file model-v5.cif (mmCIF, C-alpha atoms and all ligand atoms)
data_structure
#
loop_
_atom_site.group_PDB
_atom_site.id
_atom_site.type_symbol
_atom_site.label_atom_id
_atom_site.label_comp_id
_atom_site.auth_asym_id
_atom_site.auth_seq_id
_atom_site.Cartn_x
_atom_site.Cartn_y
_atom_site.Cartn_z
ATOM 1 C CA MET A 1 -26.796 -33.898 -27.695
ATOM 2 C CA ILE A 2 -25.567 -33.476 -24.120
ATOM 3 C CA LYS A 3 -28.426 -33.609 -21.573
ATOM 4 C CA ALA A 4 -26.439 -33.961 -18.344
ATOM 5 C CA ILE A 5 -22.969 -33.131 -17.051
ATOM 6 C CA VAL A 6 -21.147 -35.146 -14.396
ATOM 7 C CA THR A 7 -18.244 -33.261 -12.848
ATOM 8 C CA ASP A 8 -15.241 -34.225 -10.766
ATOM 9 C CA ILE A 9 -14.244 -31.781 -7.996
ATOM 10 C CA GLU A 10 -10.495 -31.776 -7.251
ATOM 11 C CA GLY A 11 -8.619 -30.332 -10.234
ATOM 12 C CA THR A 12 -11.864 -29.712 -12.154
ATOM 13 C CA THR A 13 -14.287 -27.378 -10.342
ATOM 14 C CA SER A 14 -11.691 -26.560 -7.691
ATOM 15 C CA SER A 15 -7.969 -26.498 -7.089
ATOM 16 C CA ILE A 16 -5.989 -29.546 -6.054
ATOM 17 C CA SER A 17 -4.168 -27.336 -3.547
ATOM 18 C CA PHE A 18 -7.372 -26.517 -1.614
ATOM 19 C CA VAL A 19 -8.044 -30.232 -1.120
ATOM 20 C CA LYS A 20 -4.430 -31.203 -0.387
ATOM 21 C CA GLU A 21 -3.331 -28.153 1.609
ATOM 22 C CA VAL A 22 -6.533 -27.194 3.452
ATOM 23 C CA LEU A 23 -9.010 -30.094 3.662
ATOM 24 C CA PHE A 24 -6.621 -33.032 4.111
ATOM 25 C CA PRO A 25 -4.459 -31.364 6.809
ATOM 26 C CA TYR A 26 -7.613 -30.185 8.633
ATOM 27 C CA ALA A 27 -8.877 -33.776 8.765
ATOM 28 C CA ALA A 28 -5.445 -35.150 9.718
ATOM 29 C CA ASN A 29 -5.204 -32.721 12.659
ATOM 30 C CA ALA A 30 -8.773 -33.315 13.813
ATOM 31 C CA PHE A 31 -8.786 -37.134 13.501
ATOM 32 C CA PRO A 32 -7.349 -38.032 16.981
ATOM 33 C CA ARG A 33 -9.894 -35.891 18.836
ATOM 34 C CA PHE A 34 -12.766 -36.911 16.529
ATOM 35 C CA LEU A 35 -12.059 -40.624 17.067
ATOM 36 C CA ALA A 36 -11.708 -40.202 20.830
ATOM 37 C CA GLU A 37 -15.016 -38.306 21.084
ATOM 38 C CA HIS A 38 -17.097 -40.384 18.647
ATOM 39 C CA TRP A 39 -15.542 -43.875 19.041
ATOM 40 C CA ASP A 40 -18.663 -45.490 20.502
ATOM 41 C CA GLU A 41 -21.134 -44.130 17.943
ATOM 42 C CA ALA A 42 -22.688 -46.858 15.783
ATOM 43 C CA ASP A 43 -22.039 -45.174 12.411
ATOM 44 C CA VAL A 44 -18.404 -44.488 13.346
ATOM 45 C CA GLN A 45 -17.944 -48.092 14.508
ATOM 46 C CA GLN A 46 -19.347 -49.314 11.172
ATOM 47 C CA LEU A 47 -16.758 -47.225 9.307
ATOM 48 C CA ILE A 48 -13.970 -48.448 11.610
ATOM 49 C CA ALA A 49 -15.026 -52.039 10.855
ATOM 50 C CA ALA A 50 -14.935 -51.271 7.115
ATOM 51 C CA ALA A 51 -11.458 -49.728 7.488
ATOM 52 C CA ALA A 52 -10.275 -52.805 9.432
ATOM 53 C CA ALA A 53 -11.610 -55.083 6.684
ATOM 54 C CA GLU A 54 -9.976 -52.965 3.946
ATOM 55 C CA SER A 55 -6.580 -52.821 5.694
ATOM 56 C CA GLY A 56 -6.553 -56.290 7.273
ATOM 57 C CA GLN A 57 -5.588 -54.636 10.584
ATOM 58 C CA PRO A 58 -7.544 -54.966 13.843
ATOM 59 C CA LEU A 59 -8.575 -51.436 14.826
ATOM 60 C CA THR A 60 -9.395 -51.857 18.476
ATOM 61 C CA SER A 61 -8.639 -48.372 19.776
ATOM 62 C CA PRO A 62 -8.870 -44.753 18.612
ATOM 63 C CA ASP A 63 -5.046 -44.639 18.501
ATOM 64 C CA SER A 64 -4.726 -47.649 16.182
ATOM 65 C CA ALA A 65 -7.461 -46.289 13.903
ATOM 66 C CA ASN A 66 -5.870 -42.840 13.878
ATOM 67 C CA ALA A 67 -2.510 -44.303 12.822
ATOM 68 C CA LEU A 68 -4.150 -46.042 9.852
ATOM 69 C CA PHE A 69 -6.128 -42.952 8.788
ATOM 70 C CA GLN A 70 -2.995 -40.770 8.955
ATOM 71 C CA GLU A 71 -1.240 -43.238 6.610
ATOM 72 C CA TRP A 72 -4.190 -43.267 4.247
ATOM 73 C CA ILE A 73 -4.429 -39.448 4.170
ATOM 74 C CA ALA A 74 -0.682 -39.156 3.465
ATOM 75 C CA ALA A 75 -1.028 -41.670 0.607
ATOM 76 C CA ASP A 76 -4.237 -39.993 -0.694
ATOM 77 C CA ARG A 77 -6.079 -43.333 -0.525
ATOM 78 C CA LYS A 78 -9.600 -42.988 -1.976
ATOM 79 C CA VAL A 79 -11.180 -45.554 0.330
ATOM 80 C CA THR A 80 -14.818 -45.261 1.363
ATOM 81 C CA PRO A 81 -14.454 -45.374 5.200
ATOM 82 C CA LEU A 82 -11.706 -42.719 5.188
ATOM 83 C CA LYS A 83 -13.736 -40.511 2.859
ATOM 84 C CA ALA A 84 -16.874 -40.870 5.007
ATOM 85 C CA LEU A 85 -14.989 -39.969 8.203
ATOM 86 C CA GLN A 86 -13.245 -37.008 6.531
ATOM 87 C CA GLY A 87 -16.682 -35.717 5.505
ATOM 88 C CA LYS A 88 -17.884 -35.839 9.109
ATOM 89 C CA ILE A 89 -14.767 -33.976 10.281
ATOM 90 C CA TRP A 90 -14.929 -31.303 7.567
ATOM 91 C CA GLN A 91 -18.516 -30.453 8.553
ATOM 92 C CA ALA A 92 -17.317 -28.633 11.700
ATOM 93 C CA GLY A 93 -14.741 -26.686 9.658
ATOM 94 C CA TYR A 94 -17.352 -25.438 7.208
ATOM 95 C CA GLU A 95 -19.905 -24.668 9.921
ATOM 96 C CA ASN A 96 -17.340 -22.765 12.037
ATOM 97 C CA GLY A 97 -16.267 -20.719 9.008
ATOM 98 C CA ASP A 98 -12.692 -22.109 9.152
ATOM 99 C CA TYR A 99 -12.739 -22.271 5.317
ATOM 100 C CA THR A 100 -15.024 -22.167 2.307
ATOM 101 C CA ALA A 101 -14.566 -24.570 -0.608
ATOM 102 C CA HIS A 102 -12.404 -23.222 -3.401
ATOM 103 C CA LEU A 103 -13.984 -22.836 -6.852
ATOM 104 C CA TYR A 104 -12.217 -21.629 -9.987
ATOM 105 C CA PRO A 105 -13.686 -18.238 -11.016
ATOM 106 C CA ASP A 106 -15.528 -19.739 -14.025
ATOM 107 C CA THR A 107 -17.054 -22.685 -12.149
ATOM 108 C CA ALA A 108 -20.187 -21.196 -10.566
ATOM 109 C CA ALA A 109 -21.062 -19.022 -13.588
ATOM 110 C CA ASN A 110 -20.942 -21.983 -15.975
ATOM 111 C CA LEU A 111 -22.783 -24.376 -13.657
ATOM 112 C CA ASN A 112 -25.540 -21.732 -13.456
ATOM 113 C CA LEU A 113 -25.521 -21.258 -17.234
ATOM 114 C CA TRP A 114 -25.709 -25.007 -17.957
ATOM 115 C CA LYS A 115 -28.550 -25.378 -15.456
ATOM 116 C CA LYS A 116 -30.428 -22.519 -17.186
ATOM 117 C CA GLN A 117 -29.896 -24.379 -20.471
ATOM 118 C CA ASN A 118 -31.843 -27.290 -18.896
ATOM 119 C CA LEU A 119 -28.860 -29.572 -18.401
ATOM 120 C CA ASP A 120 -28.920 -31.781 -15.328
ATOM 121 C CA LEU A 121 -25.788 -31.462 -13.204
ATOM 122 C CA TYR A 122 -24.189 -34.224 -11.134
ATOM 123 C CA VAL A 123 -21.005 -34.588 -9.096
ATOM 124 C CA TYR A 124 -18.757 -37.648 -9.081
ATOM 125 C CA SER A 125 -15.916 -37.400 -6.589
ATOM 126 C CA SER A 126 -13.959 -39.715 -4.327
ATOM 127 C CA GLY A 127 -15.063 -37.468 -1.464
ATOM 128 C CA SER A 128 -18.177 -38.868 0.226
ATOM 129 C CA ILE A 129 -21.603 -37.635 -0.897
ATOM 130 C CA ALA A 130 -21.983 -35.843 2.461
ATOM 131 C CA ALA A 131 -18.593 -34.156 1.887
ATOM 132 C CA GLN A 132 -19.608 -33.134 -1.654
ATOM 133 C CA LYS A 133 -22.814 -31.529 -0.352
ATOM 134 C CA LEU A 134 -20.817 -29.592 2.254
ATOM 135 C CA PHE A 135 -18.265 -28.575 -0.392
ATOM 136 C CA PHE A 136 -20.862 -27.045 -2.708
ATOM 137 C CA GLY A 137 -23.029 -25.864 0.193
ATOM 138 C CA TYR A 138 -20.177 -23.795 1.665
ATOM 139 C CA SER A 139 -18.337 -22.797 -1.509
ATOM 140 C CA ASP A 140 -16.537 -19.534 -2.313
ATOM 141 C CA ALA A 141 -19.621 -18.701 -4.426
ATOM 142 C CA GLY A 142 -22.141 -19.568 -1.700
ATOM 143 C CA ASP A 143 -24.582 -22.460 -1.664
ATOM 144 C CA LEU A 144 -24.585 -24.140 -5.082
ATOM 145 C CA THR A 145 -26.378 -27.332 -3.977
ATOM 146 C CA PRO A 146 -29.709 -26.317 -5.624
ATOM 147 C CA LEU A 147 -27.951 -26.651 -8.996
ATOM 148 C CA PHE A 148 -27.230 -30.370 -8.596
ATOM 149 C CA SER A 149 -29.594 -33.234 -9.368
ATOM 150 C CA GLY A 150 -27.431 -35.863 -7.661
ATOM 151 C CA TYR A 151 -24.073 -36.887 -6.261
ATOM 152 C CA PHE A 152 -21.935 -40.015 -6.746
ATOM 153 C CA ASP A 153 -18.969 -41.214 -4.700
ATOM 154 C CA THR A 154 -16.904 -44.396 -4.279
ATOM 155 C CA THR A 155 -20.057 -46.308 -3.338
ATOM 156 C CA SER A 156 -20.744 -46.255 -7.120
ATOM 157 C CA GLY A 157 -17.240 -47.658 -7.661
ATOM 158 C CA HIS A 158 -13.750 -46.256 -8.096
ATOM 159 C CA LYS A 159 -13.226 -43.450 -10.534
ATOM 160 C CA GLN A 160 -10.897 -45.355 -12.831
ATOM 161 C CA ASP A 161 -13.236 -48.364 -13.233
ATOM 162 C CA VAL A 162 -15.510 -48.524 -16.284
ATOM 163 C CA GLN A 163 -18.257 -50.200 -14.264
ATOM 164 C CA SER A 164 -18.556 -47.098 -12.027
ATOM 165 C CA TYR A 165 -19.640 -45.031 -15.034
ATOM 166 C CA ARG A 166 -22.088 -47.738 -16.115
ATOM 167 C CA ASN A 167 -23.560 -47.602 -12.586
ATOM 168 C CA ILE A 168 -23.802 -43.804 -12.723
ATOM 169 C CA GLN A 169 -25.367 -43.855 -16.205
ATOM 170 C CA ALA A 170 -27.990 -46.328 -14.980
ATOM 171 C CA ALA A 171 -28.728 -44.176 -11.918
ATOM 172 C CA ILE A 172 -29.094 -41.004 -14.017
ATOM 173 C CA GLY A 173 -31.313 -42.855 -16.478
ATOM 174 C CA LEU A 174 -30.108 -41.185 -19.686
ATOM 175 C CA PRO A 175 -28.197 -42.886 -22.526
ATOM 176 C CA ALA A 176 -24.429 -42.612 -22.016
ATOM 177 C CA ASN A 177 -24.048 -40.648 -25.270
ATOM 178 C CA GLN A 178 -26.110 -37.824 -23.688
ATOM 179 C CA LEU A 179 -23.734 -37.569 -20.715
ATOM 180 C CA LEU A 180 -20.552 -35.495 -20.473
ATOM 181 C CA PHE A 181 -17.942 -36.280 -17.815
ATOM 182 C CA LEU A 182 -15.476 -33.567 -16.760
ATOM 183 C CA SER A 183 -12.240 -34.471 -14.995
ATOM 184 C CA ASP A 184 -8.560 -33.583 -14.785
ATOM 185 C CA VAL A 185 -7.470 -37.247 -14.664
ATOM 186 C CA GLU A 186 -6.857 -39.093 -17.927
ATOM 187 C CA ALA A 187 -7.540 -42.571 -16.486
ATOM 188 C CA GLU A 188 -10.945 -41.439 -15.156
ATOM 189 C CA LEU A 189 -11.835 -40.004 -18.568
ATOM 190 C CA ASP A 190 -10.685 -43.221 -20.294
ATOM 191 C CA ALA A 191 -13.009 -45.256 -18.055
ATOM 192 C CA ALA A 192 -15.946 -42.896 -18.660
ATOM 193 C CA ALA A 193 -15.339 -42.949 -22.430
ATOM 194 C CA GLU A 194 -15.263 -46.743 -22.421
ATOM 195 C CA ALA A 195 -18.701 -46.642 -20.772
ATOM 196 C CA GLY A 196 -19.902 -44.450 -23.660
ATOM 197 C CA PHE A 197 -19.778 -41.005 -21.991
ATOM 198 C CA HIS A 198 -18.543 -37.931 -23.797
ATOM 199 C CA THR A 199 -15.498 -36.597 -21.973
ATOM 200 C CA CYS A 200 -13.555 -33.387 -21.504
ATOM 201 C CA ARG A 201 -10.263 -33.070 -19.708
ATOM 202 C CA LEU A 202 -9.819 -29.953 -17.561
ATOM 203 C CA ASP A 203 -6.226 -28.785 -17.692
ATOM 204 C CA ARG A 204 -6.478 -25.877 -15.273
ATOM 205 C CA GLU A 205 -2.782 -24.975 -15.293
ATOM 206 C CA GLY A 206 -2.263 -25.731 -18.995
ATOM 207 C CA SER A 207 0.531 -28.114 -18.035
ATOM 208 C CA GLN A 208 -0.835 -31.620 -18.492
ATOM 209 C CA GLY A 209 0.323 -32.337 -22.052
ATOM 210 C CA ALA A 210 -1.401 -34.462 -24.658
ATOM 211 C CA SER A 211 -4.769 -36.077 -23.980
ATOM 212 C CA ARG A 212 -6.942 -38.690 -25.666
ATOM 213 C CA HIS A 213 -9.915 -36.426 -24.805
ATOM 214 C CA PRO A 214 -11.012 -32.906 -25.739
ATOM 215 C CA VAL A 215 -9.237 -30.459 -23.429
ATOM 216 C CA ALA A 216 -10.341 -27.165 -21.835
ATOM 217 C CA SER A 217 -8.569 -24.984 -19.315
ATOM 218 C CA ARG A 218 -11.811 -23.311 -18.158
ATOM 219 C CA PHE A 219 -15.463 -24.315 -18.087
ATOM 220 C CA ASP A 220 -16.354 -21.511 -20.529
ATOM 221 C CA GLU A 221 -14.097 -23.123 -23.167
ATOM 222 C CA ILE A 222 -16.325 -26.222 -23.209
ATOM 223 C CA ASP A 223 -18.467 -26.156 -26.347
ATOM 224 C CA LEU A 224 -21.400 -28.473 -25.617
ATOM 225 C CA ALA A 225 -22.502 -28.388 -29.269
ATOM 226 C CA SER A 226 -19.217 -30.010 -30.296
ATOM 227 C CA PHE A 227 -20.007 -33.331 -28.590
HETATM 228 C C1 LIG B 301 -15.720 -33.699 -1.570
HETATM 229 S S1 LIG B 301 -14.365 -32.664 -1.362
HETATM 230 C C2 LIG B 301 -12.979 -33.617 -1.009
HETATM 231 C C3 LIG B 301 -12.471 -34.333 -2.167
HETATM 232 C C4 LIG B 301 -11.718 -35.554 -1.776
HETATM 233 O O1 LIG B 301 -11.779 -36.006 -0.655
HETATM 234 C C5 LIG B 301 -10.958 -36.190 -2.772
HETATM 235 O O2 LIG B 301 -10.356 -37.228 -2.519
HETATM 236 C C6 LIG B 301 -10.921 -35.610 -4.134
HETATM 237 O O3 LIG B 301 -11.241 -36.550 -5.052
HETATM 238 P P1 LIG B 301 -11.747 -36.209 -6.525
HETATM 239 O O4 LIG B 301 -12.357 -37.505 -6.915
HETATM 240 O O5 LIG B 301 -12.727 -35.075 -6.473
HETATM 241 O O6 LIG B 301 -10.539 -35.901 -7.351
HETATM 242 MG MG MG B 302 -9.879 -34.692 -10.045
#

call {"tool": "encode", "arguments": {"input": "model-v5.cif", "output": "C-alpha cells"}}
result
Amino acid sequence: MIKAIVTDIEGTTSSISFVKEVLFPYAANAFPRFLAEHWDEADVQQLIAAAAAESGQPLTSPDSANALFQEWIAADRKVTPLKALQGKIWQAGYENGDYTAHLYPDTAANLNLWKKQNLDLYVYSSGSIAAQKLFFGYSDAGDLTPLFSGYFDTTSGHKQDVQSYRNIQAAIGLPANQLLFLSDVEAELDAAAEAGFHTCRLDREGSQGASRHPVASRFDEIDLASF
C-alpha cells in the first residue's frame, strides 16, 4: 500500500517549457548582475568554490564564473552549485511577480486529494530545495508548500543513481515498497525501481513511447490501489 508519493517537477507536475523557456533564461540574464552584486558574500563564495572544484577551472572573477554558469545552463547541467545559485536568482522573479510556477491543471487538485487521503508528499528535483519551495510557494495554484512533508535535491544524489533513492527512502523512514516515485524520465524511474520504489511515468504529451513502468498522462489517471 502506498503511504507516500515523491514527485519530480519538470515534465511531471509542470511543463518542461516553463523551466526551459522561463526559468533558465531568467537566470541566464540575471547571472552577470547577481554575481557582480553578491560576489563577496560567504555563501556565494562557497558555491563558486564548489563550481570551481566541479569544473576544474579557477573562478577568480564574476566574469569567469558567469561564463561557466552560462555554459552549464545551456547544457542543462544538474550540478549543485548552479542549482543553488539559480534558486537565489529566481527568488527575486517570484517575489516581483515576474512569473508564477507552471502547474498542469490536474496537479494541485490531485496533490490536495492525496494529502486528504493521508499520503505524505515529497518533492525530488534537480532544482535546489530553496528553488523547489519557491516553485510551489509561488505556483499558478497559489502556495502549495503546506502540502509537502519534505524536499530532496542533488544533495541526496543525482536522479539517475540508485543510491539517491536509497538515501531518500532512509530520510522518509518508510519501507521502499510503500513509496511511489513520479517522473517523466525513464532512467530516473529505473533507478527508483531498483531501490524498491513503486514508479509511474508521466507522459504529459502522450508522445514518449513504451516504458518499463506504469504510465499516466495526468495525475488523476494514477490508480494508487494498483501498486
Ligand atoms: C525547482 S524548479 C527548477 C527545476 C530545475 O532547475 C531543474 O533542473 C529541473 O529538474 P527536474 O529534476 O525537476 O527535472
Ligand atoms: Mg522531470

call {"tool": "resolve_selection", "arguments": {"input": "model-v5.cif", "expression": "the PyMOL selection byres (((chain A and resi 24-40) around 9) and not hetatm)", "output": "ChimeraX atom specification"}}
result
/A:18-23,41-45,48,61-63,65-67,69-70,73-74,76,85-87,89-90,93

call {"tool": "resolve_selection", "arguments": {"input": "model-v5.cif", "expression": "the PyMOL selection byres (((not hetatm)) within 9 of (chain B and resi 301))", "output": "JSON, numbers by chain"}}
result
{"A": [7, 8, 9, 10, 11, 12, 13, 14, 16, 19, 20, 23, 24, 76, 77, 78, 79, 82, 83, 86, 87, 101, 123, 124, 125, 126, 127, 128, 129, 130, 131, 132, 133, 134, 135, 136, 153, 154, 158, 159, 183, 184, 185]}

call {"tool": "closest_residue", "arguments": {"input": "model-v5.cif", "among": "A:Asp140, A:Asp120, A:Asp203, A:Asp161", "to": "ligand MG 302 (chain B)", "atoms": "all atoms listed in the file"}}
result
A:Asp203

call {"tool": "closest_residue", "arguments": {"input": "model-v5.cif", "among": "A:Val6, A:Ala192, A:Leu180, A:Ala109", "to": "Ser226 in chain A", "atoms": "all atoms listed in the file"}}
result
A:Leu180

call {"tool": "closest_residue", "arguments": {"input": "model-v5.cif", "among": "A:Leu121, A:Ala53, A:Met1, A:Leu202", "to": "ligand MG 302 (chain B)", "atoms": "only C-alpha atoms and all ligand atoms"}}
result
A:Leu202

call {"tool": "atom_distance", "arguments": {"input": "model-v5.cif", "atom1": "CA of Ser149 in chain A", "atom2": "CA of Ile5 in chain A"}}
result
10.1 Å

call {"tool": "axis_aligned_box", "arguments": {"input": "model-v5.cif", "around": "range 89-106 of chain A", "padding_each_side": "4 Å", "output": "lines of an AutoDock Vina configuration file"}}
result
center_x = -16.1
center_y = -26.1
center_z = -1.0
size_x = 15.7
size_y = 23.7
size_z = 34.1
